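What's in structure-v5.pdb: PDB, N, CA and C atoms
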```pdb
ATOM      1  N   MET A   1     202.166  43.553  21.603
ATOM      2  CA  MET A   1     203.372  42.932  21.094
ATOM      3  C   MET A   1     203.407  43.081  19.582
ATOM      4  N   ASP A   2     204.472  43.664  19.081
ATOM      5  CA  ASP A   2     204.625  43.821  17.645
ATOM      6  C   ASP A   2     205.065  42.508  17.017
ATOM      7  N   LYS A   3     204.471  42.209  15.896
ATOM      8  CA  LYS A   3     204.874  41.034  15.135
ATOM      9  C   LYS A   3     205.296  41.507  13.759
ATOM     10  N   SER A   4     206.313  40.903  13.247
ATOM     11  CA  SER A   4     206.732  41.252  11.899
ATOM     12  C   SER A   4     207.108  39.983  11.149
ATOM     13  N   VAL A   5     206.990  40.068   9.873
ATOM     14  CA  VAL A   5     207.386  38.956   9.013
ATOM     15  C   VAL A   5     208.298  39.507   7.926
ATOM     16  N   ALA A   6     209.182  38.672   7.488
ATOM     17  CA  ALA A   6     210.052  39.042   6.379
ATOM     18  C   ALA A   6     209.346  38.639   5.086
ATOM     19  N   VAL A   7     209.350  39.546   4.151
ATOM     20  CA  VAL A   7     208.731  39.278   2.854
ATOM     21  C   VAL A   7     209.833  39.282   1.806
ATOM     22  N   GLU A   8     209.891  38.221   1.049
ATOM     23  CA  GLU A   8     210.875  38.124  -0.028
ATOM     24  C   GLU A   8     210.127  38.083  -1.356
ATOM     25  N   VAL A   9     210.517  38.945  -2.265
ATOM     26  CA  VAL A   9     209.889  39.016  -3.584
ATOM     27  C   VAL A   9     210.954  38.715  -4.626
ATOM     28  N   ASP A  10     210.727  37.680  -5.396
ATOM     29  CA  ASP A  10     211.665  37.289  -6.445
ATOM     30  C   ASP A  10     210.917  37.073  -7.751
ATOM     31  N   ALA A  11     211.550  37.447  -8.841
ATOM     32  CA  ALA A  11     211.048  37.129 -10.183
ATOM     33  C   ALA A  11     211.790  35.870 -10.620
ATOM     34  N   LEU A  12     211.057  34.801 -10.740
ATOM     35  CA  LEU A  12     211.681  33.520 -11.042
ATOM     36  C   LEU A  12     211.416  33.084 -12.471
ATOM     37  N   PHE A  13     212.338  32.308 -12.999
ATOM     38  CA  PHE A  13     212.197  31.715 -14.325
ATOM     39  C   PHE A  13     212.279  30.211 -14.156
ATOM     40  N   ASP A  14     211.208  29.529 -14.508
ATOM     41  CA  ASP A  14     211.140  28.084 -14.331
ATOM     42  C   ASP A  14     211.654  27.395 -15.588
ATOM     43  N   THR A  15     212.881  26.929 -15.526
ATOM     44  CA  THR A  15     213.488  26.281 -16.694
ATOM     45  C   THR A  15     212.799  24.966 -17.037
ATOM     46  N   GLU A  16     212.118  24.371 -16.071
ATOM     47  CA  GLU A  16     211.398  23.122 -16.323
ATOM     48  C   GLU A  16     210.166  23.356 -17.203
ATOM     49  N   GLU A  17     209.625  24.570 -17.160
ATOM     50  CA  GLU A  17     208.420  24.899 -17.923
ATOM     51  C   GLU A  17     208.736  25.647 -19.218
ATOM     52  N   SER A  18     209.977  25.936 -19.447
ATOM     53  CA  SER A  18     210.387  26.710 -20.618
ATOM     54  C   SER A  18     210.780  25.779 -21.760
ATOM     55  N   TRP A  19     210.489  26.199 -22.957
ATOM     56  CA  TRP A  19     210.859  25.398 -24.118
ATOM     57  C   TRP A  19     210.982  26.316 -25.330
ATOM     58  N   VAL A  20     211.620  25.827 -26.362
ATOM     59  CA  VAL A  20     211.728  26.557 -27.618
ATOM     60  C   VAL A  20     211.822  25.539 -28.752
ATOM     61  N   ASN A  21     211.189  25.881 -29.846
ATOM     62  CA  ASN A  21     211.354  25.086 -31.063
ATOM     63  C   ASN A  21     212.685  25.523 -31.655
ATOM     64  N   ILE A  22     213.680  24.679 -31.580
ATOM     65  CA  ILE A  22     215.039  25.033 -31.995
ATOM     66  C   ILE A  22     215.089  25.481 -33.451
ATOM     67  N   ASN A  23     214.162  25.007 -34.266
ATOM     68  CA  ASN A  23     214.114  25.401 -35.681
ATOM     69  C   ASN A  23     213.573  26.816 -35.869
ATOM     70  N   LYS A  24     212.940  27.356 -34.834
ATOM     71  CA  LYS A  24     212.384  28.711 -34.922
ATOM     72  C   LYS A  24     213.083  29.687 -33.984
ATOM     73  N   ALA A  25     214.125  29.240 -33.315
ATOM     74  CA  ALA A  25     214.842  30.093 -32.381
ATOM     75  C   ALA A  25     215.629  31.157 -33.138
ATOM     76  N   THR A  26     215.376  32.404 -32.808
ATOM     77  CA  THR A  26     216.072  33.533 -33.433
ATOM     78  C   THR A  26     216.457  34.534 -32.353
ATOM     79  N   ASN A  27     217.319  35.452 -32.707
ATOM     80  CA  ASN A  27     217.667  36.533 -31.779
ATOM     81  C   ASN A  27     216.449  37.393 -31.472
ATOM     82  N   ALA A  28     215.571  37.578 -32.464
ATOM     83  CA  ALA A  28     214.356  38.367 -32.251
ATOM     84  C   ALA A  28     213.434  37.677 -31.242
ATOM     85  N   LEU A  29     213.310  36.370 -31.353
ATOM     86  CA  LEU A  29     212.480  35.623 -30.402
ATOM     87  C   LEU A  29     213.074  35.709 -28.998
ATOM     88  N   LEU A  30     214.379  35.582 -28.910
ATOM     89  CA  LEU A  30     215.038  35.701 -27.609
ATOM     90  C   LEU A  30     214.796  37.087 -27.008
ATOM     91  N   ALA A  31     214.905  38.131 -27.818
ATOM     92  CA  ALA A  31     214.675  39.498 -27.333
ATOM     93  C   ALA A  31     213.235  39.668 -26.855
ATOM     94  N   TYR A  32     212.301  39.099 -27.606
ATOM     95  CA  TYR A  32     210.889  39.155 -27.230
ATOM     96  C   TYR A  32     210.678  38.477 -25.878
ATOM     97  N   GLU A  33     211.204  37.282 -25.716
ATOM     98  CA  GLU A  33     211.043  36.549 -24.462
ATOM     99  C   GLU A  33     211.794  37.224 -23.314
ATOM    100  N   GLN A  34     212.944  37.803 -23.601
ATOM    101  CA  GLN A  34     213.701  38.504 -22.570
ATOM    102  C   GLN A  34     212.903  39.663 -21.997
ATOM    103  N   LEU A  35     212.163  40.361 -22.872
ATOM    104  CA  LEU A  35     211.378  41.491 -22.375
ATOM    105  C   LEU A  35     210.241  41.006 -21.478
ATOM    106  N   HIS A  36     209.699  39.829 -21.751
ATOM    107  CA  HIS A  36     208.715  39.267 -20.810
ATOM    108  C   HIS A  36     209.369  39.081 -19.442
ATOM    109  N   SER A  37     210.582  38.593 -19.429
ATOM    110  CA  SER A  37     211.315  38.427 -18.175
ATOM    111  C   SER A  37     211.561  39.785 -17.514
ATOM    112  N   ASP A  38     211.916  40.781 -18.307
ATOM    113  CA  ASP A  38     212.157  42.127 -17.777
ATOM    114  C   ASP A  38     210.886  42.722 -17.167
ATOM    115  N   ILE A  39     209.748  42.481 -17.805
ATOM    116  CA  ILE A  39     208.467  42.968 -17.274
ATOM    117  C   ILE A  39     208.199  42.339 -15.910
ATOM    118  N   THR A  40     208.454  41.051 -15.805
ATOM    119  CA  THR A  40     208.255  40.363 -14.533
ATOM    120  C   THR A  40     209.172  40.938 -13.461
ATOM    121  N   GLU A  41     210.426  41.170 -13.805
ATOM    122  CA  GLU A  41     211.363  41.758 -12.843
ATOM    123  C   GLU A  41     210.941  43.166 -12.455
ATOM    124  N   TYR A  42     210.436  43.943 -13.388
ATOM    125  CA  TYR A  42     209.961  45.308 -13.104
ATOM    126  C   TYR A  42     208.884  45.280 -12.015
ATOM    127  N   TRP A  43     207.885  44.418 -12.187
ATOM    128  CA  TRP A  43     206.803  44.363 -11.203
ATOM    129  C   TRP A  43     207.272  43.768  -9.881
ATOM    130  N   ALA A  44     208.212  42.851  -9.932
ATOM    131  CA  ALA A  44     208.778  42.308  -8.691
ATOM    132  C   ALA A  44     209.492  43.419  -7.914
ATOM    133  N   ARG A  45     210.215  44.257  -8.603
ATOM    134  CA  ARG A  45     210.917  45.364  -7.934
ATOM    135  C   ARG A  45     209.933  46.350  -7.315
ATOM    136  N   LEU A  46     208.855  46.656  -8.043
ATOM    137  CA  LEU A  46     207.855  47.565  -7.481
ATOM    138  C   LEU A  46     207.209  46.974  -6.234
ATOM    139  N   LEU A  47     206.886  45.680  -6.289
ATOM    140  CA  LEU A  47     206.288  45.024  -5.130
ATOM    141  C   LEU A  47     207.285  44.968  -3.977
ATOM    142  N   ARG A  48     208.530  44.647  -4.276
ATOM    143  CA  ARG A  48     209.571  44.596  -3.245
ATOM    144  C   ARG A  48     209.703  45.958  -2.562
ATOM    145  N   GLU A  49     209.722  47.013  -3.352
ATOM    146  CA  GLU A  49     209.839  48.362  -2.791
ATOM    147  C   GLU A  49     208.633  48.695  -1.916
ATOM    148  N   GLU A  50     207.441  48.357  -2.408
ATOM    149  CA  GLU A  50     206.238  48.647  -1.619
ATOM    150  C   GLU A  50     206.262  47.892  -0.291
ATOM    151  N   CYS A  51     206.719  46.669  -0.318
ATOM    152  CA  CYS A  51     206.802  45.887   0.923
ATOM    153  C   CYS A  51     207.866  46.448   1.868
ATOM    154  N   ASN A  52     208.929  47.001   1.307
ATOM    155  CA  ASN A  52     210.005  47.546   2.141
ATOM    156  C   ASN A  52     209.641  48.862   2.801
ATOM    157  N   ILE A  53     208.810  49.658   2.157
ATOM    158  CA  ILE A  53     208.516  50.983   2.710
ATOM    159  C   ILE A  53     207.218  51.042   3.506
ATOM    160  N   ASN A  54     206.409  50.000   3.431
ATOM    161  CA  ASN A  54     205.123  50.004   4.133
ATOM    162  C   ASN A  54     205.084  48.966   5.234
ATOM    163  N   SER A  55     204.265  49.258   6.204
ATOM    164  CA  SER A  55     203.931  48.282   7.238
ATOM    165  C   SER A  55     202.495  47.860   6.988
ATOM    166  N   PHE A  56     202.248  46.587   7.110
ATOM    167  CA  PHE A  56     200.906  46.078   6.879
ATOM    168  C   PHE A  56     200.339  45.590   8.193
ATOM    169  N   ALA A  57     199.101  45.992   8.476
ATOM    170  CA  ALA A  57     198.464  45.629   9.740
ATOM    171  C   ALA A  57     198.125  44.147   9.809
ATOM    172  N   ASN A  58     197.918  43.555   8.645
ATOM    173  CA  ASN A  58     197.556  42.139   8.621
ATOM    174  C   ASN A  58     197.895  41.542   7.256
ATOM    175  N   THR A  59     197.781  40.238   7.179
ATOM    176  CA  THR A  59     198.145  39.565   5.924
ATOM    177  C   THR A  59     197.175  39.881   4.794
ATOM    178  N   LYS A  60     195.954  40.253   5.129
ATOM    179  CA  LYS A  60     194.990  40.622   4.078
ATOM    180  C   LYS A  60     195.482  41.836   3.299
ATOM    181  N   GLN A  61     196.072  42.792   3.987
ATOM    182  CA  GLN A  61     196.621  43.966   3.304
ATOM    183  C   GLN A  61     197.772  43.554   2.385
ATOM    184  N   LEU A  62     198.645  42.712   2.877
ATOM    185  CA  LEU A  62     199.760  42.232   2.065
ATOM    186  C   LEU A  62     199.252  41.424   0.873
ATOM    187  N   ASP A  63     198.249  40.581   1.113
ATOM    188  CA  ASP A  63     197.656  39.800   0.019
ATOM    189  C   ASP A  63     197.061  40.714  -1.050
ATOM    190  N   TYR A  64     196.424  41.805  -0.623
ATOM    191  CA  TYR A  64     195.841  42.752  -1.564
ATOM    192  C   TYR A  64     196.928  43.401  -2.419
ATOM    193  N   VAL A  65     197.996  43.838  -1.797
ATOM    194  CA  VAL A  65     199.100  44.477  -2.518
ATOM    195  C   VAL A  65     199.718  43.493  -3.501
ATOM    196  N   ASN A  66     199.891  42.257  -3.085
ATOM    197  CA  ASN A  66     200.445  41.226  -3.955
ATOM    198  C   ASN A  66     199.506  40.938  -5.127
ATOM    199  N   ALA A  67     198.219  40.789  -4.851
ATOM    200  CA  ALA A  67     197.240  40.517  -5.914
ATOM    201  C   ALA A  67     197.197  41.657  -6.924
ATOM    202  N   ARG A  68     197.287  42.887  -6.428
ATOM    203  CA  ARG A  68     197.285  44.057  -7.325
ATOM    204  C   ARG A  68     198.519  44.035  -8.219
ATOM    205  N   ALA A  69     199.664  43.696  -7.657
ATOM    206  CA  ALA A  69     200.897  43.636  -8.449
ATOM    207  C   ALA A  69     200.798  42.544  -9.514
ATOM    208  N   ILE A  70     200.259  41.398  -9.151
ATOM    209  CA  ILE A  70     200.111  40.302 -10.120
ATOM    210  C   ILE A  70     199.140  40.693 -11.227
ATOM    211  N   LYS A  71     198.062  41.368 -10.868
ATOM    212  CA  LYS A  71     197.098  41.828 -11.880
ATOM    213  C   LYS A  71     197.782  42.798 -12.847
ATOM    214  N   ASN A  72     198.535  43.738 -12.312
ATOM    215  CA  ASN A  72     199.242  44.706 -13.154
ATOM    216  C   ASN A  72     200.284  44.015 -14.034
ATOM    217  N   LEU A  73     200.970  43.042 -13.473
ATOM    218  CA  LEU A  73     201.950  42.264 -14.228
ATOM    219  C   LEU A  73     201.279  41.571 -15.411
ATOM    220  N   ARG A  74     200.188  40.887 -15.162
ATOM    221  CA  ARG A  74     199.475  40.177 -16.232
ATOM    222  C   ARG A  74     198.943  41.131 -17.288
ATOM    223  N   THR A  75     198.446  42.276 -16.841
ATOM    224  CA  THR A  75     197.941  43.283 -17.771
ATOM    225  C   THR A  75     199.058  43.776 -18.687
ATOM    226  N   MET A  76     200.237  44.022 -18.108
ATOM    227  CA  MET A  76     201.352  44.506 -18.924
ATOM    228  C   MET A  76     201.827  43.430 -19.899
ATOM    229  N   HIS A  77     201.872  42.182 -19.463
ATOM    230  CA  HIS A  77     202.248  41.093 -20.378
ATOM    231  C   HIS A  77     201.269  41.022 -21.556
ATOM    232  N   LYS A  78     199.989  41.126 -21.267
ATOM    233  CA  LYS A  78     198.973  41.075 -22.333
ATOM    234  C   LYS A  78     199.119  42.277 -23.273
ATOM    235  N   GLN A  79     199.350  43.448 -22.711
ATOM    236  CA  GLN A  79     199.529  44.650 -23.527
ATOM    237  C   GLN A  79     200.747  44.503 -24.428
ATOM    238  N   TYR A  80     201.835  44.022 -23.870
ATOM    239  CA  TYR A  80     203.065  43.799 -24.635
ATOM    240  C   TYR A  80     202.818  42.827 -25.784
ATOM    241  N   ASP A  81     202.186  41.695 -25.477
ATOM    242  CA  ASP A  81     201.881  40.713 -26.525
ATOM    243  C   ASP A  81     200.983  41.303 -27.604
ATOM    244  N   SER A  82     199.977  42.045 -27.187
ATOM    245  CA  SER A  82     199.037  42.643 -28.133
ATOM    246  C   SER A  82     199.712  43.684 -29.027
ATOM    247  N   GLU A  83     200.437  44.592 -28.405
ATOM    248  CA  GLU A  83     201.050  45.684 -29.167
ATOM    249  C   GLU A  83     202.170  45.212 -30.082
ATOM    250  N   THR A  84     202.854  44.149 -29.695
ATOM    251  CA  THR A  84     203.966  43.656 -30.522
ATOM    252  C   THR A  84     203.576  42.465 -31.388
ATOM    253  N   ASN A  85     202.309  42.048 -31.289
ATOM    254  CA  ASN A  85     201.866  40.831 -31.969
ATOM    255  C   ASN A  85     202.830  39.686 -31.644
ATOM    256  N   HIS A  86     203.050  39.519 -30.363
ATOM    257  CA  HIS A  86     203.948  38.472 -29.848
ATOM    258  C   HIS A  86     205.347  38.570 -30.451
ATOM    259  N   GLY A  87     205.815  39.804 -30.592
ATOM    260  CA  GLY A  87     207.176  40.049 -31.067
ATOM    261  C   GLY A  87     207.310  40.133 -32.574
ATOM    262  N   LEU A  88     206.228  39.891 -33.308
ATOM    263  CA  LEU A  88     206.305  39.905 -34.768
ATOM    264  C   LEU A  88     206.277  41.317 -35.350
ATOM    265  N   ASN A  89     205.689  42.260 -34.634
ATOM    266  CA  ASN A  89     205.675  43.654 -35.070
ATOM    267  C   ASN A  89     206.985  44.287 -34.593
ATOM    268  N   THR A  90     207.962  44.318 -35.483
ATOM    269  CA  THR A  90     209.305  44.762 -35.099
ATOM    270  C   THR A  90     209.352  46.233 -34.696
ATOM    271  N   THR A  91     208.487  47.055 -35.292
ATOM    272  CA  THR A  91     208.456  48.470 -34.916
ATOM    273  C   THR A  91     208.019  48.624 -33.461
ATOM    274  N   MET A  92     206.935  47.946 -33.086
ATOM    275  CA  MET A  92     206.466  48.039 -31.710
ATOM    276  C   MET A  92     207.389  47.301 -30.742
ATOM    277  N   GLN A  93     208.019  46.258 -31.221
ATOM    278  CA  GLN A  93     208.984  45.551 -30.358
ATOM    279  C   GLN A  93     210.118  46.507 -29.988
ATOM    280  N   LYS A  94     210.552  47.304 -30.946
ATOM    281  CA  LYS A  94     211.614  48.278 -30.670
ATOM    282  C   LYS A  94     211.127  49.341 -29.682
ATOM    283  N   VAL A  95     209.884  49.777 -29.844
ATOM    284  CA  VAL A  95     209.322  50.751 -28.909
ATOM    285  C   VAL A  95     209.369  50.204 -27.481
ATOM    286  N   TRP A  96     208.962  48.974 -27.318
ATOM    287  CA  TRP A  96     208.958  48.367 -25.988
ATOM    288  C   TRP A  96     210.384  48.154 -25.480
ATOM    289  N   THR A  97     211.283  47.783 -26.344
ATOM    290  CA  THR A  97     212.653  47.497 -25.932
ATOM    291  C   THR A  97     213.406  48.769 -25.546
ATOM    292  N   ASP A  98     213.154  49.834 -26.296
ATOM    293  CA  ASP A  98     213.845  51.097 -26.017
ATOM    294  C   ASP A  98     213.193  51.764 -24.853
TER     295      ASP A  98
END
```

Please go through the file and, once you have read it, give me the structure as structure tokens.
Amino acid sequence: MDKSVAVEVDALFDTEESWVNINKATNALLAYEQLHSDITEYWARLLREECNINSFANTKQLDYVNARAIKNLRTMHKQYDSETNHGLNTTMQKVWTD
């Protein structure tokens, strides 16, 4: 008997956990934070595609694919923060944005 499950992958933004110092809010800061959101959506799309095109024999396989995507997501966030100095390096911020 074949069993299947529906997998839904979403990139979510938790407004309850988000904050900004209104005195430091700038368009540059917004652009920096937006790219973090874009990175999350990028990895969500890759995971969604992988789940759509593959069949998994068991949940361990799906868990592995999910864990790998989360690891890659975190790695890219760290790389982005490092290379842009958290958005302060405007030259590298432009590289990432373009």

Would you pick out the contacts of segment 19-35 of chain A at 6.5 Å or less, using only N, CA and C atoms, so that residues sharing its chain but fewer than 5 positions from it are not included, and give the list as a PyMOL selection string?
chain A and resi 40+86-87

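The nearest approach to His77 of chain A among the residues A:Val5, A:Ala11, A:Glu16, A:His36, with only C-alpha atoms taken into account, belongs to A:His36.
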
Where does DSSP see alpha helix (DSSP H) in chain A, if you list the residues as a short mmCIF file (atom, residue, chain, number, x, y, z; two decimals) with N, CA and C atoms, in the coordinates of the input?
```
data_model
loop_
_atom_site.label_atom_id
_atom_site.label_comp_id
_atom_site.auth_asym_id
_atom_site.auth_seq_id
_atom_site.Cartn_x
_atom_site.Cartn_y
_atom_site.Cartn_z
N ASN A 27 217.32 35.45 -32.71
CA ASN A 27 217.67 36.53 -31.78
C ASN A 27 216.45 37.39 -31.47
N ALA A 28 215.57 37.58 -32.46
CA ALA A 28 214.36 38.37 -32.25
C ALA A 28 213.43 37.68 -31.24
N LEU A 29 213.31 36.37 -31.35
CA LEU A 29 212.48 35.62 -30.40
C LEU A 29 213.07 35.71 -29.00
N LEU A 30 214.38 35.58 -28.91
CA LEU A 30 215.04 35.70 -27.61
C LEU A 30 214.80 37.09 -27.01
N ALA A 31 214.90 38.13 -27.82
CA ALA A 31 214.68 39.50 -27.33
C ALA A 31 213.24 39.67 -26.86
N TYR A 32 212.30 39.10 -27.61
CA TYR A 32 210.89 39.16 -27.23
C TYR A 32 210.68 38.48 -25.88
N GLU A 33 211.20 37.28 -25.72
CA GLU A 33 211.04 36.55 -24.46
C GLU A 33 211.79 37.22 -23.31
N GLN A 34 212.94 37.80 -23.60
CA GLN A 34 213.70 38.50 -22.57
C GLN A 34 212.90 39.66 -22.00
N LEU A 35 212.16 40.36 -22.87
CA LEU A 35 211.38 41.49 -22.38
C LEU A 35 210.24 41.01 -21.48
N HIS A 36 209.70 39.83 -21.75
CA HIS A 36 208.72 39.27 -20.81
C HIS A 36 209.37 39.08 -19.44
N SER A 37 210.58 38.59 -19.43
CA SER A 37 211.32 38.43 -18.18
C SER A 37 211.56 39.78 -17.51
N ASP A 38 211.92 40.78 -18.31
CA ASP A 38 212.16 42.13 -17.78
C ASP A 38 210.89 42.72 -17.17
N ILE A 39 209.75 42.48 -17.80
CA ILE A 39 208.47 42.97 -17.27
C ILE A 39 208.20 42.34 -15.91
N THR A 40 208.45 41.05 -15.80
CA THR A 40 208.26 40.36 -14.53
C THR A 40 209.17 40.94 -13.46
N GLU A 41 210.43 41.17 -13.80
CA GLU A 41 211.36 41.76 -12.84
C GLU A 41 210.94 43.17 -12.46
N TYR A 42 210.44 43.94 -13.39
CA TYR A 42 209.96 45.31 -13.10
C TYR A 42 208.88 45.28 -12.02
N TRP A 43 207.88 44.42 -12.19
CA TRP A 43 206.80 44.36 -11.20
C TRP A 43 207.27 43.77 -9.88
N ALA A 44 208.21 42.85 -9.93
CA ALA A 44 208.78 42.31 -8.69
C ALA A 44 209.49 43.42 -7.91
N ARG A 45 210.22 44.26 -8.60
CA ARG A 45 210.92 45.36 -7.93
C ARG A 45 209.93 46.35 -7.32
N LEU A 46 208.86 46.66 -8.04
CA LEU A 46 207.86 47.56 -7.48
C LEU A 46 207.21 46.97 -6.23
N LEU A 47 206.89 45.68 -6.29
CA LEU A 47 206.29 45.02 -5.13
C LEU A 47 207.28 44.97 -3.98
N ARG A 48 208.53 44.65 -4.28
CA ARG A 48 209.57 44.60 -3.24
C ARG A 48 209.70 45.96 -2.56
N GLU A 49 209.72 47.01 -3.35
CA GLU A 49 209.84 48.36 -2.79
C GLU A 49 208.63 48.70 -1.92
N GLU A 50 207.44 48.36 -2.41
CA GLU A 50 206.24 48.65 -1.62
C GLU A 50 206.26 47.89 -0.29
N CYS A 51 206.72 46.67 -0.32
CA CYS A 51 206.80 45.89 0.92
C CYS A 51 207.87 46.45 1.87
N ASN A 52 208.93 47.00 1.31
CA ASN A 52 210.00 47.55 2.14
C ASN A 52 209.64 48.86 2.80
N ILE A 53 208.81 49.66 2.16
CA ILE A 53 208.52 50.98 2.71
C ILE A 53 207.22 51.04 3.51
N THR A 59 197.78 40.24 7.18
CA THR A 59 198.14 39.56 5.92
C THR A 59 197.18 39.88 4.79
N LYS A 60 195.95 40.25 5.13
CA LYS A 60 194.99 40.62 4.08
C LYS A 60 195.48 41.84 3.30
N GLN A 61 196.07 42.79 3.99
CA GLN A 61 196.62 43.97 3.30
C GLN A 61 197.77 43.55 2.38
N LEU A 62 198.64 42.71 2.88
CA LEU A 62 199.76 42.23 2.06
C LEU A 62 199.25 41.42 0.87
N ASP A 63 198.25 40.58 1.11
CA ASP A 63 197.66 39.80 0.02
C ASP A 63 197.06 40.71 -1.05
N TYR A 64 196.42 41.80 -0.62
CA TYR A 64 195.84 42.75 -1.56
C TYR A 64 196.93 43.40 -2.42
N VAL A 65 198.00 43.84 -1.80
CA VAL A 65 199.10 44.48 -2.52
C VAL A 65 199.72 43.49 -3.50
N ASN A 66 199.89 42.26 -3.08
CA ASN A 66 200.44 41.23 -3.96
C ASN A 66 199.51 40.94 -5.13
N ALA A 67 198.22 40.79 -4.85
CA ALA A 67 197.24 40.52 -5.91
C ALA A 67 197.20 41.66 -6.92
N ARG A 68 197.29 42.89 -6.43
CA ARG A 68 197.28 44.06 -7.32
C ARG A 68 198.52 44.04 -8.22
N ALA A 69 199.66 43.70 -7.66
CA ALA A 69 200.90 43.64 -8.45
C ALA A 69 200.80 42.54 -9.51
N ILE A 70 200.26 41.40 -9.15
CA ILE A 70 200.11 40.30 -10.12
C ILE A 70 199.14 40.69 -11.23
N LYS A 71 198.06 41.37 -10.87
CA LYS A 71 197.10 41.83 -11.88
C LYS A 71 197.78 42.80 -12.85
N ASN A 72 198.54 43.74 -12.31
CA ASN A 72 199.24 44.71 -13.15
C ASN A 72 200.28 44.02 -14.03
N LEU A 73 200.97 43.04 -13.47
CA LEU A 73 201.95 42.26 -14.23
C LEU A 73 201.28 41.57 -15.41
N ARG A 74 200.19 40.89 -15.16
CA ARG A 74 199.48 40.18 -16.23
C ARG A 74 198.94 41.13 -17.29
N THR A 75 198.45 42.28 -16.84
CA THR A 75 197.94 43.28 -17.77
C THR A 75 199.06 43.78 -18.69
N MET A 76 200.24 44.02 -18.11
CA MET A 76 201.35 44.51 -18.92
C MET A 76 201.83 43.43 -19.90
N HIS A 77 201.87 42.18 -19.46
CA HIS A 77 202.25 41.09 -20.38
C HIS A 77 201.27 41.02 -21.56
N LYS A 78 199.99 41.13 -21.27
CA LYS A 78 198.97 41.08 -22.33
C LYS A 78 199.12 42.28 -23.27
N GLN A 79 199.35 43.45 -22.71
CA GLN A 79 199.53 44.65 -23.53
C GLN A 79 200.75 44.50 -24.43
N TYR A 80 201.84 44.02 -23.87
CA TYR A 80 203.06 43.80 -24.64
C TYR A 80 202.82 42.83 -25.78
N ASP A 81 202.19 41.70 -25.48
CA ASP A 81 201.88 40.71 -26.52
C ASP A 81 200.98 41.30 -27.60
N SER A 82 199.98 42.04 -27.19
CA SER A 82 199.04 42.64 -28.13
C SER A 82 199.71 43.68 -29.03
N GLU A 83 200.44 44.59 -28.40
CA GLU A 83 201.05 45.68 -29.17
C GLU A 83 202.17 45.21 -30.08
N THR A 84 202.85 44.15 -29.70
CA THR A 84 203.97 43.66 -30.52
C THR A 84 203.58 42.46 -31.39
N THR A 90 207.96 44.32 -35.48
CA THR A 90 209.30 44.76 -35.10
C THR A 90 209.35 46.23 -34.70
N THR A 91 208.49 47.06 -35.29
CA THR A 91 208.46 48.47 -34.92
C THR A 91 208.02 48.62 -33.46
N MET A 92 206.94 47.95 -33.09
CA MET A 92 206.47 48.04 -31.71
C MET A 92 207.39 47.30 -30.74
N GLN A 93 208.02 46.26 -31.22
CA GLN A 93 208.98 45.55 -30.36
C GLN A 93 210.12 46.51 -29.99
N LYS A 94 210.55 47.30 -30.95
CA LYS A 94 211.61 48.28 -30.67
C LYS A 94 211.13 49.34 -29.68
N VAL A 95 209.88 49.78 -29.84
CA VAL A 95 209.32 50.75 -28.91
C VAL A 95 209.37 50.20 -27.48
N TRP A 96 208.96 48.97 -27.32
CA TRP A 96 208.96 48.37 -25.99
C TRP A 96 210.38 48.15 -25.48
N THR A 97 211.28 47.78 -26.34
CA THR A 97 212.65 47.50 -25.93
C THR A 97 213.41 48.77 -25.55
#
```

Got a sec: who's within 7 Å of segment 47-51 of chain A, counting only N, CA and C atoms, leaving out chain neighbours fewer than 3 positions off, as JSON, numbers by chain?
{"A": [8, 9, 42, 43, 44, 54, 55, 65, 69]}

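Between atom CA of Ala6 of chain A and atom N of Ser18 of chain A the interatomic distance comes to 29.0 Å.
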